[in-house]
>>> print(open('my_file-v4.txt').read())   # compact mmCIF, C-alpha atoms
# COMPACT_ATOMS: atom_id res chain seq x y z
CA MET A 281 29.71 -76.24 -128.05
CA GLU A 282 30.47 -74.59 -131.37
CA VAL A 283 34.18 -75.36 -131.12
CA PHE A 284 33.52 -79.12 -131.08
CA GLU A 285 31.02 -78.90 -133.92
CA ASN A 286 33.78 -77.24 -135.94
CA LEU A 287 36.25 -79.98 -134.99
CA LYS A 288 33.73 -82.63 -136.06
CA ALA A 289 33.21 -80.91 -139.41
CA ASN A 290 36.96 -80.70 -140.02
CA LEU A 291 37.31 -84.44 -139.37
CA VAL A 292 34.80 -85.51 -142.02
CA GLY A 293 36.47 -87.79 -144.54
CA LYS A 294 39.78 -87.88 -142.63
CA ASN A 295 39.37 -91.49 -141.32
CA ALA A 296 41.03 -90.68 -137.98
CA ARG A 297 41.56 -93.70 -135.70
CA ILE A 298 42.10 -93.09 -131.97
CA VAL A 299 43.04 -95.82 -129.50
CA LEU A 300 41.39 -95.87 -126.08
CA PRO A 301 43.44 -98.31 -123.97
CA GLU A 302 40.93 -98.44 -121.07
CA GLY A 303 38.40 -100.06 -123.37
CA GLU A 304 36.35 -101.90 -120.77
CA GLU A 305 35.81 -98.83 -118.57
CA PRO A 306 32.11 -97.72 -118.60
CA ARG A 307 32.90 -94.03 -119.27
CA ILE A 308 35.05 -95.02 -122.24
CA LEU A 309 32.27 -97.25 -123.58
CA GLN A 310 29.65 -94.52 -123.20
CA ALA A 311 31.95 -92.10 -125.03
CA THR A 312 32.50 -94.72 -127.74
CA LYS A 313 28.76 -94.87 -128.36
CA ARG A 314 28.66 -91.12 -128.91
CA ILE A 315 31.82 -91.05 -131.04
CA VAL A 316 30.40 -93.74 -133.32
CA ASN A 317 26.96 -92.13 -133.55
CA GLU A 318 28.05 -88.50 -134.00
CA THR A 319 31.46 -88.43 -135.69
CA GLU A 320 33.59 -90.09 -138.39
CA VAL A 321 36.35 -90.91 -135.90
CA THR A 322 36.95 -94.64 -135.38
CA PRO A 323 37.54 -95.60 -131.72
CA VAL A 324 39.95 -98.50 -131.27
CA LEU A 325 39.35 -100.08 -127.85
CA LEU A 326 41.81 -102.28 -125.99
CA GLY A 327 40.37 -105.08 -123.88
CA ASN A 328 38.30 -108.24 -123.91
CA PRO A 329 36.41 -108.27 -127.22
CA ASP A 330 33.44 -110.22 -125.84
CA LYS A 331 32.90 -107.89 -122.87
CA ILE A 332 33.19 -104.78 -125.01
CA ARG A 333 30.91 -106.03 -127.80
CA ILE A 334 28.21 -107.21 -125.38
CA TYR A 335 28.18 -103.81 -123.65
CA LEU A 336 28.02 -101.87 -126.90
CA GLU A 337 25.41 -104.17 -128.47
CA ILE A 338 23.14 -103.52 -125.49
CA GLU A 339 23.68 -99.80 -126.20
CA GLY A 340 22.71 -100.36 -129.83
CA VAL A 341 26.23 -99.96 -131.24
CA LEU A 342 26.94 -102.78 -133.68
CA ASP A 343 29.82 -101.38 -135.73
CA GLY A 344 31.91 -98.27 -136.30
CA TYR A 345 34.56 -99.23 -133.74
CA GLU A 346 37.37 -101.75 -133.41
CA VAL A 347 38.58 -103.91 -130.54
CA ILE A 348 42.13 -105.18 -130.02
CA ASP A 349 42.95 -107.72 -127.33
CA PRO A 350 46.62 -107.19 -126.41
CA HIS A 351 46.87 -110.78 -125.23
CA SER A 352 45.97 -112.25 -128.65
CA TYR A 353 47.17 -109.52 -131.00
CA PRO A 354 48.56 -111.08 -134.21
CA GLY A 355 51.24 -108.41 -134.59
CA PHE A 356 52.51 -108.72 -131.02
CA GLU A 357 56.01 -109.98 -131.83
CA GLU A 358 56.47 -107.28 -134.45
CA MET A 359 55.44 -104.75 -131.82
CA VAL A 360 57.97 -106.18 -129.35
CA ALA A 361 60.76 -105.82 -131.90
CA SER A 362 59.69 -102.27 -132.73
CA LEU A 363 59.67 -101.29 -129.04
CA VAL A 364 63.14 -102.74 -128.46
CA GLU A 365 64.43 -100.81 -131.47
CA ARG A 366 62.77 -97.60 -130.33
CA ARG A 367 64.20 -97.82 -126.81
CA LYS A 368 67.70 -98.35 -128.25
CA GLY A 369 69.27 -100.60 -125.63
CA LYS A 370 67.19 -99.33 -122.69
CA MET A 371 64.81 -102.30 -122.82
CA THR A 372 65.50 -105.97 -123.51
CA GLU A 373 63.25 -108.10 -125.67
CA GLU A 374 61.86 -109.86 -122.60
CA GLU A 375 61.23 -106.53 -120.82
CA ALA A 376 59.46 -105.21 -123.90
CA ARG A 377 57.29 -108.31 -124.15
CA GLN A 378 56.35 -108.06 -120.49
CA VAL A 379 55.51 -104.34 -120.49
CA LEU A 380 53.32 -104.75 -123.58
CA LYS A 381 51.43 -107.56 -121.86
CA ASP A 382 51.04 -105.71 -118.56
CA ASP A 383 50.59 -102.06 -119.53
CA VAL A 384 47.84 -101.02 -121.95
CA ASN A 385 49.30 -97.53 -122.25
CA TYR A 386 52.57 -98.87 -123.65
CA PHE A 387 50.57 -101.09 -126.02
CA GLY A 388 48.42 -98.14 -127.10
CA VAL A 389 51.39 -95.83 -127.62
CA MET A 390 53.07 -98.49 -129.76
CA LEU A 391 49.96 -98.64 -131.96
CA VAL A 392 50.40 -94.90 -132.46
CA HIS A 393 54.14 -95.18 -133.07
CA MET A 394 53.68 -97.94 -135.65
CA GLY A 395 51.03 -95.94 -137.52
CA ILE A 396 48.22 -98.41 -136.84
CA VAL A 397 46.21 -95.63 -135.16
CA ASP A 398 46.57 -91.86 -135.29
CA GLY A 399 46.52 -90.95 -131.59
CA MET A 400 45.72 -92.12 -128.06
CA VAL A 401 43.47 -90.99 -125.20
CA SER A 402 43.98 -92.54 -121.76
CA GLY A 403 43.94 -91.64 -118.07
CA ALA A 404 40.39 -92.48 -116.91
CA ILE A 405 41.87 -95.07 -114.55
CA HIS A 406 45.58 -94.29 -114.93
CA SER A 407 47.73 -91.49 -113.53
CA THR A 408 49.10 -88.72 -115.72
CA ALA A 409 52.59 -90.19 -115.31
CA ALA A 410 51.40 -93.61 -116.49
CA THR A 411 49.92 -92.05 -119.62
CA VAL A 412 52.65 -89.54 -120.44
CA ARG A 413 55.75 -91.64 -119.68
CA PRO A 414 55.37 -94.13 -122.58
CA ALA A 415 54.51 -91.25 -124.92
CA LEU A 416 57.74 -89.42 -124.02
CA GLN A 417 59.80 -92.60 -124.33
CA ILE A 418 58.32 -93.80 -127.62
CA ILE A 419 56.49 -91.01 -129.47
CA LYS A 420 58.94 -88.36 -128.22
CA THR A 421 58.80 -84.64 -128.89
CA ARG A 422 58.88 -82.96 -132.29
CA PRO A 423 62.21 -81.73 -133.71
CA ASN A 424 63.44 -78.60 -131.92
CA VAL A 425 60.93 -79.20 -129.10
CA LYS A 426 62.54 -80.19 -125.79
CA ARG A 427 59.45 -80.74 -123.65
CA THR A 428 55.78 -81.52 -123.80
CA SER A 429 53.30 -79.25 -122.03
CA GLY A 430 49.65 -79.30 -121.07
CA ALA A 431 47.11 -76.66 -122.15
CA PHE A 432 43.45 -76.29 -121.29
CA LEU A 433 40.82 -74.97 -123.66
CA MET A 434 38.52 -72.75 -121.59
CA VAL A 435 35.04 -72.31 -123.07
CA ARG A 436 32.04 -70.28 -121.92
CA GLY A 437 29.34 -69.65 -124.50
CA SER A 438 31.08 -68.11 -127.50
CA GLU A 439 34.21 -67.27 -125.48
CA ARG A 440 37.26 -69.47 -125.88
CA TYR A 441 40.73 -69.09 -124.40
CA LEU A 442 43.81 -71.27 -123.96
CA PHE A 443 45.67 -71.64 -120.63
CA GLY A 444 49.13 -73.23 -120.41
CA ASP A 445 51.05 -74.92 -118.92
CA CYS A 446 48.61 -76.16 -116.30
CA ALA A 447 49.59 -79.82 -116.14
CA ILE A 448 53.15 -80.92 -116.90
CA ASN A 449 56.06 -78.53 -116.22
CA ILE A 450 56.33 -77.52 -112.58
CA ASN A 451 58.66 -74.54 -112.85
CA PRO A 452 59.82 -74.04 -116.43
CA ASP A 453 62.79 -71.78 -117.12
CA ALA A 454 62.68 -68.91 -119.63
CA GLU A 455 63.47 -71.19 -122.55
CA GLY A 456 60.74 -73.58 -121.44
CA LEU A 457 58.15 -70.82 -121.12
CA ALA A 458 59.00 -69.54 -124.60
CA GLU A 459 58.56 -73.03 -126.02
CA ILE A 460 55.25 -73.48 -124.18
CA ALA A 461 54.01 -70.18 -125.61
CA ILE A 462 54.88 -71.17 -129.18
CA ASN A 463 53.31 -74.64 -128.88
CA SER A 464 50.22 -73.10 -127.28
CA ALA A 465 49.84 -70.86 -130.33
CA ILE A 466 49.71 -73.98 -132.51
CA THR A 467 47.05 -75.52 -130.26
CA ALA A 468 45.03 -72.29 -130.19
CA LYS A 469 44.88 -72.16 -133.99
CA MET A 470 43.49 -75.70 -134.05
CA PHE A 471 40.54 -74.41 -132.00
CA GLY A 472 39.97 -71.46 -134.29
CA ILE A 473 41.67 -68.98 -131.94
CA ASP A 474 43.87 -66.33 -133.57
CA PRO A 475 46.54 -66.34 -130.84
CA LYS A 476 47.35 -63.19 -128.90
CA ILE A 477 49.69 -64.53 -126.24
CA ALA A 478 50.12 -62.99 -122.80
CA MET A 479 53.15 -64.03 -120.74
CA LEU A 480 51.69 -63.71 -117.26
CA SER A 481 53.39 -62.43 -114.13
CA TYR A 482 52.65 -60.48 -110.94
CA SER A 483 54.32 -57.56 -112.72
CA THR A 484 53.38 -55.49 -115.78
CA LYS A 485 56.18 -53.88 -117.76
CA GLY A 486 58.53 -53.43 -114.83
CA SER A 487 56.00 -52.66 -112.08
CA GLY A 488 57.37 -55.51 -109.96
CA PHE A 489 60.73 -57.14 -109.34
CA GLY A 490 62.14 -60.60 -108.73
CA GLU A 491 63.55 -63.70 -110.38
CA SER A 492 60.12 -64.81 -111.54
CA VAL A 493 59.57 -61.49 -113.31
CA ASP A 494 63.00 -61.68 -114.94
CA LYS A 495 62.19 -65.19 -116.17
CA VAL A 496 58.98 -64.05 -117.87
CA VAL A 497 60.71 -61.05 -119.45
CA GLU A 498 63.44 -63.30 -120.85
CA ALA A 499 60.87 -65.86 -122.04
CA THR A 500 58.99 -63.17 -123.93
CA LYS A 501 62.21 -62.05 -125.61
CA LEU A 502 63.11 -65.63 -126.61
CA ALA A 503 59.61 -66.32 -127.96
CA HIS A 504 59.82 -63.17 -130.10
CA GLU A 505 63.18 -64.26 -131.48
CA LEU A 506 61.96 -67.76 -132.29
CA ARG A 507 58.60 -66.73 -133.75
CA PRO A 508 58.57 -63.03 -134.69
CA ASP A 509 55.33 -63.63 -136.60
CA LEU A 510 53.37 -64.33 -133.40
CA GLU A 511 51.73 -61.63 -131.28
CA ILE A 512 53.31 -62.18 -127.85
CA ASP A 513 53.75 -59.71 -125.01
CA GLY A 514 54.94 -59.78 -121.42
CA GLU A 515 55.42 -59.48 -118.67
CA LEU A 516 51.72 -58.80 -118.01
CA GLN A 517 49.46 -59.15 -115.00
CA PHE A 518 46.20 -60.86 -115.83
CA ASP A 519 44.10 -57.71 -115.62
CA ALA A 520 46.46 -55.90 -117.99
CA ALA A 521 46.32 -58.86 -120.37
CA PHE A 522 42.55 -59.17 -120.32
CA VAL A 523 40.87 -55.83 -119.51
CA PRO A 524 41.23 -53.15 -122.21
CA ALA A 525 40.91 -50.22 -119.78
CA THR A 526 43.60 -51.64 -117.52
CA ALA A 527 45.82 -52.40 -120.50
CA ALA A 528 45.58 -48.77 -121.64
CA LEU A 529 46.93 -47.66 -118.28
CA LYS A 530 49.53 -50.37 -117.61
CA ALA A 531 50.71 -51.39 -121.09
CA PRO A 532 49.84 -48.65 -123.59
CA GLY A 533 50.69 -49.49 -127.17
CA SER A 534 50.72 -53.26 -126.62
CA LYS A 535 49.16 -55.36 -129.42
CA VAL A 536 48.28 -58.07 -126.90
CA ALA A 537 47.40 -56.35 -123.61
CA GLY A 538 43.65 -56.03 -123.14
CA GLN A 539 42.85 -58.55 -125.86
CA ALA A 540 44.88 -61.67 -125.00
CA ASN A 541 43.28 -65.06 -125.61
CA VAL A 542 46.25 -67.35 -124.86
CA PHE A 543 47.60 -67.08 -121.32
CA ILE A 544 50.99 -68.55 -120.39
CA PHE A 545 51.46 -68.96 -116.65
CA PRO A 546 54.93 -68.70 -115.08
CA GLY A 547 54.60 -72.11 -113.40
CA ILE A 548 52.25 -75.04 -112.91
CA GLU A 549 51.12 -73.79 -109.49
CA ALA A 550 49.62 -70.60 -110.93
CA GLY A 551 48.35 -72.38 -114.04
CA ASN A 552 46.59 -75.19 -112.22
CA ILE A 553 44.97 -72.83 -109.71
CA GLY A 554 44.05 -70.38 -112.46
CA TYR A 555 42.20 -72.80 -114.71
CA LYS A 556 40.29 -74.30 -111.78
CA MET A 557 39.23 -70.86 -110.56
CA ALA A 558 38.00 -69.95 -114.03
CA GLU A 559 36.13 -73.25 -114.16
CA ARG A 560 34.54 -73.12 -110.69
CA LEU A 561 34.04 -69.38 -110.18
CA GLY A 562 33.78 -68.20 -113.77
CA GLY A 563 31.61 -70.97 -115.15
CA PHE A 564 34.05 -71.95 -117.89
CA ALA A 565 34.26 -75.50 -119.18
CA ALA A 566 37.88 -76.68 -118.97
CA VAL A 567 38.78 -79.17 -121.69
CA GLY A 568 42.10 -80.94 -121.43
CA PRO A 569 44.87 -81.06 -120.67
CA VAL A 570 45.82 -81.14 -124.33
CA LEU A 571 49.41 -82.38 -124.55
CA GLN A 572 51.56 -80.25 -126.85
CA GLY A 573 54.87 -80.86 -128.57
CA LEU A 574 54.72 -84.62 -129.27
CA ASN A 575 55.42 -86.13 -132.69
CA LYS A 576 51.98 -87.75 -132.61
CA PRO A 577 49.06 -86.91 -130.31
CA VAL A 578 48.64 -88.63 -126.95
CA ASN A 579 46.28 -87.03 -124.43
CA ASP A 580 45.59 -87.56 -120.76
CA LEU A 581 42.17 -87.70 -119.12
CA SER A 582 41.51 -86.80 -115.52
CA ARG A 583 40.59 -89.81 -113.42
CA GLY A 584 37.51 -87.80 -112.43
CA CYS A 585 36.42 -87.48 -116.06
CA ASN A 586 32.99 -88.29 -117.41
CA ALA A 587 31.97 -89.70 -120.79
CA ASP A 588 31.58 -86.19 -122.23
CA ASP A 589 35.19 -85.40 -121.32
CA VAL A 590 36.34 -88.57 -123.08
CA TYR A 591 34.31 -87.68 -126.17
CA LYS A 592 35.72 -84.15 -126.37
CA LEU A 593 39.33 -85.16 -125.78
CA THR A 594 39.02 -87.86 -128.44
CA LEU A 595 37.83 -85.24 -130.94
CA ILE A 596 40.74 -82.98 -129.97
CA THR A 597 43.22 -85.83 -130.37
CA ALA A 598 41.83 -86.67 -133.80
CA ALA A 599 42.06 -83.00 -134.78
CA GLN A 600 45.70 -82.89 -133.64
CA ALA A 601 46.44 -85.97 -135.74
CA VAL A 602 44.88 -84.43 -138.82
CA GLU A 603 46.74 -81.14 -138.27
CA GLN A 604 50.08 -82.96 -138.02
>>> encode(input="my_file-v4.txt", output="structure tokens")
Amino acid sequence: MEVFENLKANLVGKNARIVLPEGEEPRILQATKRIVNETEVTPVLLGNPDKIRIYLEIEGVLDGYEVIDPHSYPGFEEMVASLVERRKGKMTEEEARQVLKDDVNYFGVMLVHMGIVDGMVSGAIHSTAATVRPALQIIKTRPNVKRTSGAFLMVRGSERYLFGDCAININPDAEGLAEIAINSAITAKMFGIDPKIAMLSYSTKGSGFGESVDKVVEATKLAHELRPDLEIDGELQFDAAFVPATAALKAPGSKVAGQANVFIFPGIEAGNIGYKMAERLGGFAAVGPVLQGLNKPVNDLSRGCNADDVYKLTLITAAQAVEQ
């Protein structure tokens, strides 16, 4: 896909290092082979060095990656102290030592926090909660950002769109939706999308009524106030947001209606269903979720992912790190 070729080109000479905590998992190892052979990103795998090296040597990969064994890491005690400090009284030294021994996601996130690597990709064998929780506790959200959110890049041929939030926030309020829209604009630009943001609803410009409609109207207003430079409009039904002829009838004069490329759903239910329908019925490739709003990039794989998904999300994570 052209979008990933562009990401690869932008990463040349940037020396991005991305930790993959599930380092012994076959899909991670297959993705590592491709990352090493095709990009300048350095994968840092957590796990048993002998197992990982034997697997990759058989695949013809002799260098270009790193392996860290959490159980024999020379900087372990320094990491324990850093975690205790970061948690500010919410974790004792012994608790920190234990969680870093038992949980590769906490260990991986601490590598990110301490600046040893630039980002993390996990979730091939861990739940979303297990991946996101340590990121929220340790990496935390950027200043003036109250929540992280999950966006999907939707690609079909030369078409590319961004859908959010499809993964994290179940029923965000107006303030939350506005924040998701603004963070989605940042993500869209990383993929070469000039964001035209549609705040989706079952109503277009007052055609419907209800609390959900009011929430989207208020979110659009807040987003405009926070980022008047962005092209954002709502509330819009999907057809009004996407189809020029429908937009001319339902939202005449809108700078977004009929040409939107970033779609903000009113809740996770609509967002999750929407991206899967586009994927299965529309033939789009859904890449993500890309987590937005964190101080440093941490991204979550689906447990049903394949090696190609791991490769793409690693490129995205490296691109986020470079952008930040």
>>> closest_residue(input="my_file-v4.txt", among="A:Thr411, A:Thr312, A:Thr428, A:Thr594", to="Asp445 of chain A", atoms="only C-alpha atoms")
A:Thr428
>>> residues_near_point(input="my_file-v4.txt", point="(54.6, -74.7, -122.0)", cutoff="6 Å", atoms="all atoms listed in the file", output="ChimeraX atom specification")
/A:429,444-445,457,459-461
>>> closest_residue(input="my_file-v4.txt", among="A:Gly551, A:Arg367, A:Gly568, A:Thr500", to="Cys585 of chain A", atoms="only C-alpha atoms")
A:Gly568
>>> residues_around(input="my_file-v4.txt", residues="segment 502-513 of chain A", least_positions_apart="4", cutoff="9 Å", atoms="all atoms listed in the file", output="list in words")
Ala454, Glu455, Leu457, Ala458, Glu459, Ala461, Ile462, Ala465, Pro475, Lys476, Ile477, Ala478, Met479, Leu480, Val497, Glu498, Ala521, Ser534, Lys535, Val536, Ala537 and Ala540 of chain A
>>> write_last_selection(input="my_file-v4.txt", atoms="C-alpha atoms", output="mmCIF file, keeping the file's coordinate frame")
data_model
loop_
_atom_site.group_PDB
_atom_site.id
_atom_site.type_symbol
_atom_site.label_atom_id
_atom_site.label_comp_id
_atom_site.auth_asym_id
_atom_site.auth_seq_id
_atom_site.Cartn_x
_atom_site.Cartn_y
_atom_site.Cartn_z
ATOM 1 C CA ALA A 454 62.680 -68.910 -119.630
ATOM 2 C CA GLU A 455 63.470 -71.190 -122.550
ATOM 3 C CA LEU A 457 58.150 -70.820 -121.120
ATOM 4 C CA ALA A 458 59.000 -69.540 -124.600
ATOM 5 C CA GLU A 459 58.560 -73.030 -126.020
ATOM 6 C CA ALA A 461 54.010 -70.180 -125.610
ATOM 7 C CA ILE A 462 54.880 -71.170 -129.180
ATOM 8 C CA ALA A 465 49.840 -70.860 -130.330
ATOM 9 C CA PRO A 475 46.540 -66.340 -130.840
ATOM 10 C CA LYS A 476 47.350 -63.190 -128.900
ATOM 11 C CA ILE A 477 49.690 -64.530 -126.240
ATOM 12 C CA ALA A 478 50.120 -62.990 -122.800
ATOM 13 C CA MET A 479 53.150 -64.030 -120.740
ATOM 14 C CA LEU A 480 51.690 -63.710 -117.260
ATOM 15 C CA VAL A 497 60.710 -61.050 -119.450
ATOM 16 C CA GLU A 498 63.440 -63.300 -120.850
ATOM 17 C CA ALA A 521 46.320 -58.860 -120.370
ATOM 18 C CA SER A 534 50.720 -53.260 -126.620
ATOM 19 C CA LYS A 535 49.160 -55.360 -129.420
ATOM 20 C CA VAL A 536 48.280 -58.070 -126.900
ATOM 21 C CA ALA A 537 47.400 -56.350 -123.610
ATOM 22 C CA ALA A 540 44.880 -61.670 -125.000
#
>>> residues_around(input="my_file-v4.txt", residues="Gly538 of chain A", least_positions_apart="2", cutoff="8 Å", atoms="only C-alpha atoms", output="VMD selection string")
chain A and resid 519 to 528 536 540
>>> atom_distance(input="my_file-v4.txt", atom1="atom CA of Cys446 of chain A", atom2="atom CA of Val496 of chain A")
16.0 Å
>>> closest_residue(input="my_file-v4.txt", among="A:Lys469, A:Arg422, A:Lys495, A:Arg436", to="Gly562 of chain A", atoms="only C-alpha atoms")
A:Arg436
>>> atom_distance(input="my_file-v4.txt", atom1="atom CA of Lys420 of chain A", atom2="atom CA of Val578 of chain A")
10.4 Å
>>> atom_distance(input="my_file-v4.txt", atom1="atom CA of Glu375 of chain A", atom2="atom CA of Ser362 of chain A")
12.7 Å
>>> closest_residue(input="my_file-v4.txt", among="A:Gln417, A:Glu358, A:Arg297, A:Glu346", to="Met371 of chain A", atoms="all atoms listed in the file")
A:Gln417
>>> closest_residue(input="my_file-v4.txt", among="A:Thr319, A:Ser464, A:Ser407, A:Gln310", to="Glu285 of chain A", atoms="all atoms listed in the file")
A:Thr319
>>> closest_residue(input="my_file-v4.txt", among="A:Met434, A:Glu603, A:Ile544, A:Ala598", to="Gly563 of chain A", atoms="all atoms listed in the file")
A:Met434
>>> residues_around(input="my_file-v4.txt", residues="Glu374 of chain A", least_positions_apart="2", cutoff="12 Å", atoms="all atoms listed in the file", output="ChimeraX atom specification")
/A:357,360-361,363-364,370-372,376-381
>>> write_last_selection(input="my_file-v4.txt", atoms="C-alpha atoms", output="compact mmCIF listing (two decimals), in the coordinates of the input")
# COMPACT_ATOMS: atom_id res chain seq x y z
CA GLU A 357 56.01 -109.98 -131.83
CA VAL A 360 57.97 -106.18 -129.35
CA ALA A 361 60.76 -105.82 -131.90
CA LEU A 363 59.67 -101.29 -129.04
CA VAL A 364 63.14 -102.74 -128.46
CA LYS A 370 67.19 -99.33 -122.69
CA MET A 371 64.81 -102.30 -122.82
CA THR A 372 65.50 -105.97 -123.51
CA ALA A 376 59.46 -105.21 -123.90
CA ARG A 377 57.29 -108.31 -124.15
CA GLN A 378 56.35 -108.06 -120.49
CA VAL A 379 55.51 -104.34 -120.49
CA LEU A 380 53.32 -104.75 -123.58
CA LYS A 381 51.43 -107.56 -121.86
